[in-house]
>>> print(open('work-v9.cif').read())   # mmCIF, C-alpha atoms, pLDDT in the B column; chains and numbers go by the auth columns
data_my_file
loop_
_atom_site.group_PDB
_atom_site.id
_atom_site.type_symbol
_atom_site.label_atom_id
_atom_site.label_comp_id
_atom_site.label_asym_id
_atom_site.label_seq_id
_atom_site.Cartn_x
_atom_site.Cartn_y
_atom_site.Cartn_z
_atom_site.B_iso_or_equiv
_atom_site.auth_seq_id
_atom_site.auth_asym_id
ATOM 1 C CA MET A 1 -45.610 44.300 5.298 64.00 1 L
ATOM 2 C CA SER A 2 -47.081 46.434 8.097 86.00 2 L
ATOM 3 C CA PHE A 3 -46.420 43.599 10.567 86.00 3 L
ATOM 4 C CA GLU A 4 -42.729 43.738 9.672 94.00 4 L
ATOM 5 C CA LEU A 5 -42.701 47.506 10.012 95.00 5 L
ATOM 6 C CA ASN A 6 -44.346 47.343 13.426 94.00 6 L
ATOM 7 C CA ASP A 7 -41.888 44.648 14.500 95.00 7 L
ATOM 8 C CA LEU A 8 -38.981 46.823 13.425 96.00 8 L
ATOM 9 C CA ARG A 9 -40.437 49.803 15.273 96.00 9 L
ATOM 10 C CA GLU A 10 -40.740 47.692 18.415 97.00 10 L
ATOM 11 C CA GLN A 11 -37.103 46.656 18.026 97.00 11 L
ATOM 12 C CA VAL A 12 -36.091 50.301 17.778 98.00 12 L
ATOM 13 C CA GLN A 13 -38.119 51.105 20.899 98.00 13 L
ATOM 14 C CA ARG A 14 -36.416 48.296 22.847 98.00 14 L
ATOM 15 C CA LEU A 15 -33.015 49.567 21.712 98.00 15 L
ATOM 16 C CA ASP A 16 -33.960 53.117 22.714 98.00 16 L
ATOM 17 C CA ASP A 17 -34.989 51.815 26.138 98.00 17 L
ATOM 18 C CA GLN A 18 -31.600 50.122 26.461 98.00 18 L
ATOM 19 C CA LEU A 19 -29.833 53.331 25.463 98.00 19 L
ATOM 20 C CA ILE A 20 -31.695 55.244 28.167 98.00 20 L
ATOM 21 C CA ASP A 21 -30.786 52.591 30.727 98.00 21 L
ATOM 22 C CA LEU A 22 -27.130 52.854 29.712 98.00 22 L
ATOM 23 C CA LEU A 23 -27.266 56.648 29.920 98.00 23 L
ATOM 24 C CA ALA A 24 -28.654 56.377 33.455 98.00 24 L
ATOM 25 C CA GLN A 25 -25.814 54.044 34.414 98.00 25 L
ATOM 26 C CA ARG A 26 -23.278 56.381 32.832 97.00 26 L
ATOM 27 C CA GLN A 27 -24.764 59.351 34.666 96.00 27 L
ATOM 28 C CA ALA A 28 -24.394 57.528 37.981 96.00 28 L
ATOM 29 C CA VAL A 29 -20.739 56.885 37.216 96.00 29 L
ATOM 30 C CA SER A 30 -20.264 60.556 36.269 94.00 30 L
ATOM 31 C CA VAL A 31 -21.579 61.554 39.681 93.00 31 L
ATOM 32 C CA LYS A 32 -19.019 59.272 41.352 94.00 32 L
ATOM 33 C CA ILE A 33 -16.250 60.662 39.150 93.00 33 L
ATOM 34 C CA GLY A 34 -17.298 64.184 40.090 92.00 34 L
ATOM 35 C CA VAL A 35 -17.127 63.348 43.789 92.00 35 L
ATOM 36 C CA MET A 36 -13.683 61.783 43.403 93.00 36 L
ATOM 37 C CA LYS A 37 -12.350 64.675 41.336 92.00 37 L
ATOM 38 C CA HIS A 38 -13.592 67.101 43.972 90.00 38 L
ATOM 39 C CA GLN A 39 -11.982 65.094 46.781 92.00 39 L
ATOM 40 C CA MET A 40 -8.710 64.861 44.856 94.00 40 L
ATOM 41 C CA ASN A 41 -8.840 68.540 43.838 92.00 41 L
ATOM 42 C CA VAL A 42 -8.802 67.601 40.146 91.00 42 L
ATOM 43 C CA THR A 43 -10.435 69.886 37.594 92.00 43 L
ATOM 44 C CA VAL A 44 -13.603 68.715 35.904 93.00 44 L
ATOM 45 C CA GLU A 45 -12.207 69.486 32.453 93.00 45 L
ATOM 46 C CA GLN A 46 -9.632 66.896 31.333 93.00 46 L
ATOM 47 C CA PRO A 47 -8.944 67.712 27.642 95.00 47 L
ATOM 48 C CA GLU A 48 -6.180 65.148 27.129 96.00 48 L
ATOM 49 C CA ILE A 49 -8.377 62.302 28.383 95.00 49 L
ATOM 50 C CA TRP A 50 -11.331 63.551 26.337 96.00 50 L
ATOM 51 C CA ALA A 51 -9.193 63.666 23.178 97.00 51 L
ATOM 52 C CA LYS A 52 -8.042 60.051 23.658 97.00 52 L
ATOM 53 C CA GLN A 53 -11.625 58.929 24.252 97.00 53 L
ATOM 54 C CA CYS A 54 -12.766 60.670 21.057 97.00 54 L
ATOM 55 C CA VAL A 55 -10.118 58.896 18.984 97.00 55 L
ATOM 56 C CA ASN A 56 -11.101 55.558 20.519 98.00 56 L
ATOM 57 C CA ARG A 57 -14.810 56.118 19.889 98.00 57 L
ATOM 58 C CA GLU A 58 -14.126 57.070 16.289 98.00 58 L
ATOM 59 C CA LYS A 59 -12.213 53.819 15.745 98.00 59 L
ATOM 60 C CA ILE A 60 -15.023 51.782 17.299 98.00 60 L
ATOM 61 C CA ALA A 61 -17.619 53.606 15.195 98.00 61 L
ATOM 62 C CA GLN A 62 -15.654 52.830 12.034 98.00 62 L
ATOM 63 C CA ILE A 63 -15.377 49.142 12.986 98.00 63 L
ATOM 64 C CA HIS A 64 -19.148 48.973 13.403 98.00 64 L
ATOM 65 C CA GLY A 65 -19.908 51.007 10.285 98.00 65 L
ATOM 66 C CA VAL A 66 -21.503 53.812 12.274 98.00 66 L
ATOM 67 C CA SER A 67 -21.145 57.422 11.213 98.00 67 L
ATOM 68 C CA THR A 68 -18.221 58.964 13.087 98.00 68 L
ATOM 69 C CA GLU A 69 -19.995 62.314 12.807 98.00 69 L
ATOM 70 C CA LEU A 70 -23.056 60.910 14.568 98.00 70 L
ATOM 71 C CA VAL A 71 -20.955 59.299 17.290 98.00 71 L
ATOM 72 C CA GLY A 72 -19.015 62.538 17.756 97.00 72 L
ATOM 73 C CA GLU A 73 -22.170 64.617 18.124 98.00 73 L
ATOM 74 C CA VAL A 74 -23.799 62.147 20.507 98.00 74 L
ATOM 75 C CA PHE A 75 -20.759 61.974 22.749 97.00 75 L
ATOM 76 C CA GLU A 76 -20.235 65.739 22.681 97.00 76 L
ATOM 77 C CA CYS A 77 -23.722 66.083 24.135 98.00 77 L
ATOM 78 C CA ILE A 78 -23.150 63.301 26.673 97.00 78 L
ATOM 79 C CA HIS A 79 -19.810 64.834 27.649 97.00 79 L
ATOM 80 C CA ARG A 80 -21.354 68.274 28.142 97.00 80 L
ATOM 81 C CA TYR A 81 -23.931 66.826 30.550 96.00 81 L
ATOM 82 C CA SER A 82 -21.297 64.719 32.291 95.00 82 L
ATOM 83 C CA LYS A 83 -19.168 67.793 32.966 95.00 83 L
ATOM 84 C CA ALA A 84 -22.231 69.617 34.300 94.00 84 L
ATOM 85 C CA ILE A 85 -22.950 66.724 36.650 91.00 85 L
ATOM 86 C CA GLN A 86 -19.349 66.677 37.833 92.00 86 L
ATOM 87 C CA GLN A 87 -19.294 70.450 38.293 90.00 87 L
ATOM 88 C CA LYS A 88 -22.442 70.160 40.393 84.00 88 L
ATOM 89 C CA GLN A 89 -20.485 67.977 42.821 73.00 89 L
ATOM 90 C CA VAL A 90 -18.140 70.902 43.379 70.00 90 L
ATOM 91 C CA THR A 91 -20.880 73.470 43.912 76.00 91 L
ATOM 92 C CA ASP A 92 -22.964 71.214 46.183 72.00 92 L
ATOM 93 C CA GLU A 93 -20.099 70.691 48.634 60.00 93 L
#
>>> encode(input="work-v9.cif", output="C-alpha cells")
Amino acid sequence: MSFELNDLREQVQRLDDQLIDLLAQRQAVSVKIGVMKHQMNVTVEQPEIWAKQCVNREKIAQIHGVSTELVGEVFECIHRYSKAIQQKQVTDE
C-alpha cells in the first residue's frame, strides 16, 4: 500500500512540475503582451476579454469535472500576476 501511495505522490510532484513549467511559459507570454499593449497604447485592464475567458474556463472545467470555484480562484491569482507583469512593462519604459 505505501508503494502505491509513494507512486501517487510522485505523480502529483511530476504534475506540479509541469504546472510550474506552464506558468513560466504563460508568464513569458504575458511579458510580450505587456510590451505590445504598451506599444499600441492599450490599457492593461481588458475586462471584456477577461469575462469571456472566465466563461470559457468555466465550461472547460465542467467538461473535465474540475471545480469551477477552484479554477476561478486559480485564474484570478494568475490574472492578477499577469496584469502586474504587463503593468511593469509600462513603468519600465
>>> closest_residue(input="work-v9.cif", among="L:Gln62, L:Gln39, L:Gln13, L:Ser30", to="Lys83 (chain L)", atoms="all atoms listed in the file")
L:Ser30
>>> residues_around(input="work-v9.cif", residues="Ala84 (chain L)", least_positions_apart="6", cutoff="10 Å", atoms="only C-alpha atoms", output="list in words")
Ser30, Val31, Gly34, Val44 and Ile78 of chain L
>>> write_last_selection(input="work-v9.cif", atoms="C-alpha atoms", output="PDB file, in the frame of the given file")
ATOM      1  CA  SER L  30     -20.264  60.556  36.269  1.00 94.00           C
ATOM      2  CA  VAL L  31     -21.579  61.554  39.681  1.00 93.00           C
ATOM      3  CA  GLY L  34     -17.298  64.184  40.090  1.00 92.00           C
ATOM      4  CA  VAL L  44     -13.603  68.715  35.904  1.00 93.00           C
ATOM      5  CA  ILE L  78     -23.150  63.301  26.673  1.00 97.00           C
TER       6      ILE L  78
END
>>> residues_around(input="work-v9.cif", residues="His79 (chain L)", least_positions_apart="3", cutoff="12 Å", atoms="all atoms listed in the file", output="PyMOL selection string")
chain L and resi 23+26-27+30+44-47+49-51+53-54+71-76+82-86
>>> atom_distance(input="work-v9.cif", atom1="CA of Leu15 (chain L)", atom2="CA of Cys77 (chain L)")
19.1 Å
>>> resolve_selection(input="work-v9.cif", expression="the PyMOL selection byres ((chain L and resi 38) around 10)", output="number ranges by chain")
L: 32-37, 39-44, 86-87, 89-91, 93
>>> closest_residue(input="work-v9.cif", among="L:Ala28, L:Asn6, L:Tyr81, L:Arg57", to="Glu69 (chain L)", atoms="all atoms listed in the file")
L:Arg57
>>> atom_distance(input="work-v9.cif", atom1="CA of Gln11 (chain L)", atom2="CA of Arg80 (chain L)")
28.6 Å
>>> atom_distance(input="work-v9.cif", atom1="CA of Ile63 (chain L)", atom2="CA of Glu48 (chain L)")
23.3 Å
>>> build_atoms(input="work-v9.cif", residues="region 17-33 of chain L", atoms="N, CA and C atoms", output="PDB file, keeping the file's coordinate frame")
ATOM      1  N   ASP L  17     -34.866  52.052  24.696  1.00 98.00           N
ATOM      2  CA  ASP L  17     -34.989  51.815  26.138  1.00 98.00           C
ATOM      3  C   ASP L  17     -33.642  51.397  26.727  1.00 98.00           C
ATOM      4  N   GLN L  18     -32.919  50.556  25.999  1.00 98.00           N
ATOM      5  CA  GLN L  18     -31.600  50.122  26.461  1.00 98.00           C
ATOM      6  C   GLN L  18     -30.623  51.289  26.494  1.00 98.00           C
ATOM      7  N   LEU L  19     -30.695  52.149  25.485  1.00 98.00           N
ATOM      8  CA  LEU L  19     -29.833  53.331  25.463  1.00 98.00           C
ATOM      9  C   LEU L  19     -30.089  54.226  26.676  1.00 98.00           C
ATOM     10  N   ILE L  20     -31.355  54.413  27.006  1.00 98.00           N
ATOM     11  CA  ILE L  20     -31.695  55.244  28.167  1.00 98.00           C
ATOM     12  C   ILE L  20     -31.182  54.612  29.446  1.00 98.00           C
ATOM     13  N   ASP L  21     -31.310  53.288  29.554  1.00 98.00           N
ATOM     14  CA  ASP L  21     -30.786  52.591  30.727  1.00 98.00           C
ATOM     15  C   ASP L  21     -29.269  52.775  30.823  1.00 98.00           C
ATOM     16  N   LEU L  22     -28.580  52.656  29.715  1.00 98.00           N
ATOM     17  CA  LEU L  22     -27.130  52.854  29.712  1.00 98.00           C
ATOM     18  C   LEU L  22     -26.754  54.290  30.058  1.00 98.00           C
ATOM     19  N   LEU L  23     -27.527  55.248  29.569  1.00 98.00           N
ATOM     20  CA  LEU L  23     -27.266  56.648  29.920  1.00 98.00           C
ATOM     21  C   LEU L  23     -27.448  56.886  31.415  1.00 98.00           C
ATOM     22  N   ALA L  24     -28.447  56.249  32.004  1.00 98.00           N
ATOM     23  CA  ALA L  24     -28.654  56.377  33.455  1.00 98.00           C
ATOM     24  C   ALA L  24     -27.472  55.795  34.217  1.00 98.00           C
ATOM     25  N   GLN L  25     -26.976  54.653  33.767  1.00 98.00           N
ATOM     26  CA  GLN L  25     -25.814  54.044  34.414  1.00 98.00           C
ATOM     27  C   GLN L  25     -24.588  54.944  34.266  1.00 98.00           C
ATOM     28  N   ARG L  26     -24.416  55.506  33.081  1.00 97.00           N
ATOM     29  CA  ARG L  26     -23.278  56.381  32.832  1.00 97.00           C
ATOM     30  C   ARG L  26     -23.364  57.638  33.693  1.00 97.00           C
ATOM     31  N   GLN L  27     -24.565  58.168  33.834  1.00 96.00           N
ATOM     32  CA  GLN L  27     -24.764  59.351  34.666  1.00 96.00           C
ATOM     33  C   GLN L  27     -24.381  59.062  36.108  1.00 96.00           C
ATOM     34  N   ALA L  28     -24.743  57.899  36.605  1.00 96.00           N
ATOM     35  CA  ALA L  28     -24.394  57.528  37.981  1.00 96.00           C
ATOM     36  C   ALA L  28     -22.874  57.462  38.149  1.00 96.00           C
ATOM     37  N   VAL L  29     -22.198  56.947  37.160  1.00 96.00           N
ATOM     38  CA  VAL L  29     -20.739  56.885  37.216  1.00 96.00           C
ATOM     39  C   VAL L  29     -20.153  58.297  37.161  1.00 96.00           C
ATOM     40  N   SER L  30     -20.736  59.164  36.355  1.00 94.00           N
ATOM     41  CA  SER L  30     -20.264  60.556  36.269  1.00 94.00           C
ATOM     42  C   SER L  30     -20.373  61.257  37.614  1.00 94.00           C
ATOM     43  N   VAL L  31     -21.427  60.975  38.336  1.00 93.00           N
ATOM     44  CA  VAL L  31     -21.579  61.554  39.681  1.00 93.00           C
ATOM     45  C   VAL L  31     -20.422  61.100  40.564  1.00 93.00           C
ATOM     46  N   LYS L  32     -20.117  59.814  40.531  1.00 94.00           N
ATOM     47  CA  LYS L  32     -19.019  59.272  41.352  1.00 94.00           C
ATOM     48  C   LYS L  32     -17.677  59.890  40.939  1.00 94.00           C
ATOM     49  N   ILE L  33     -17.486  60.040  39.636  1.00 93.00           N
ATOM     50  CA  ILE L  33     -16.250  60.662  39.150  1.00 93.00           C
ATOM     51  C   ILE L  33     -16.165  62.097  39.651  1.00 93.00           C
TER      52      ILE L  33
END
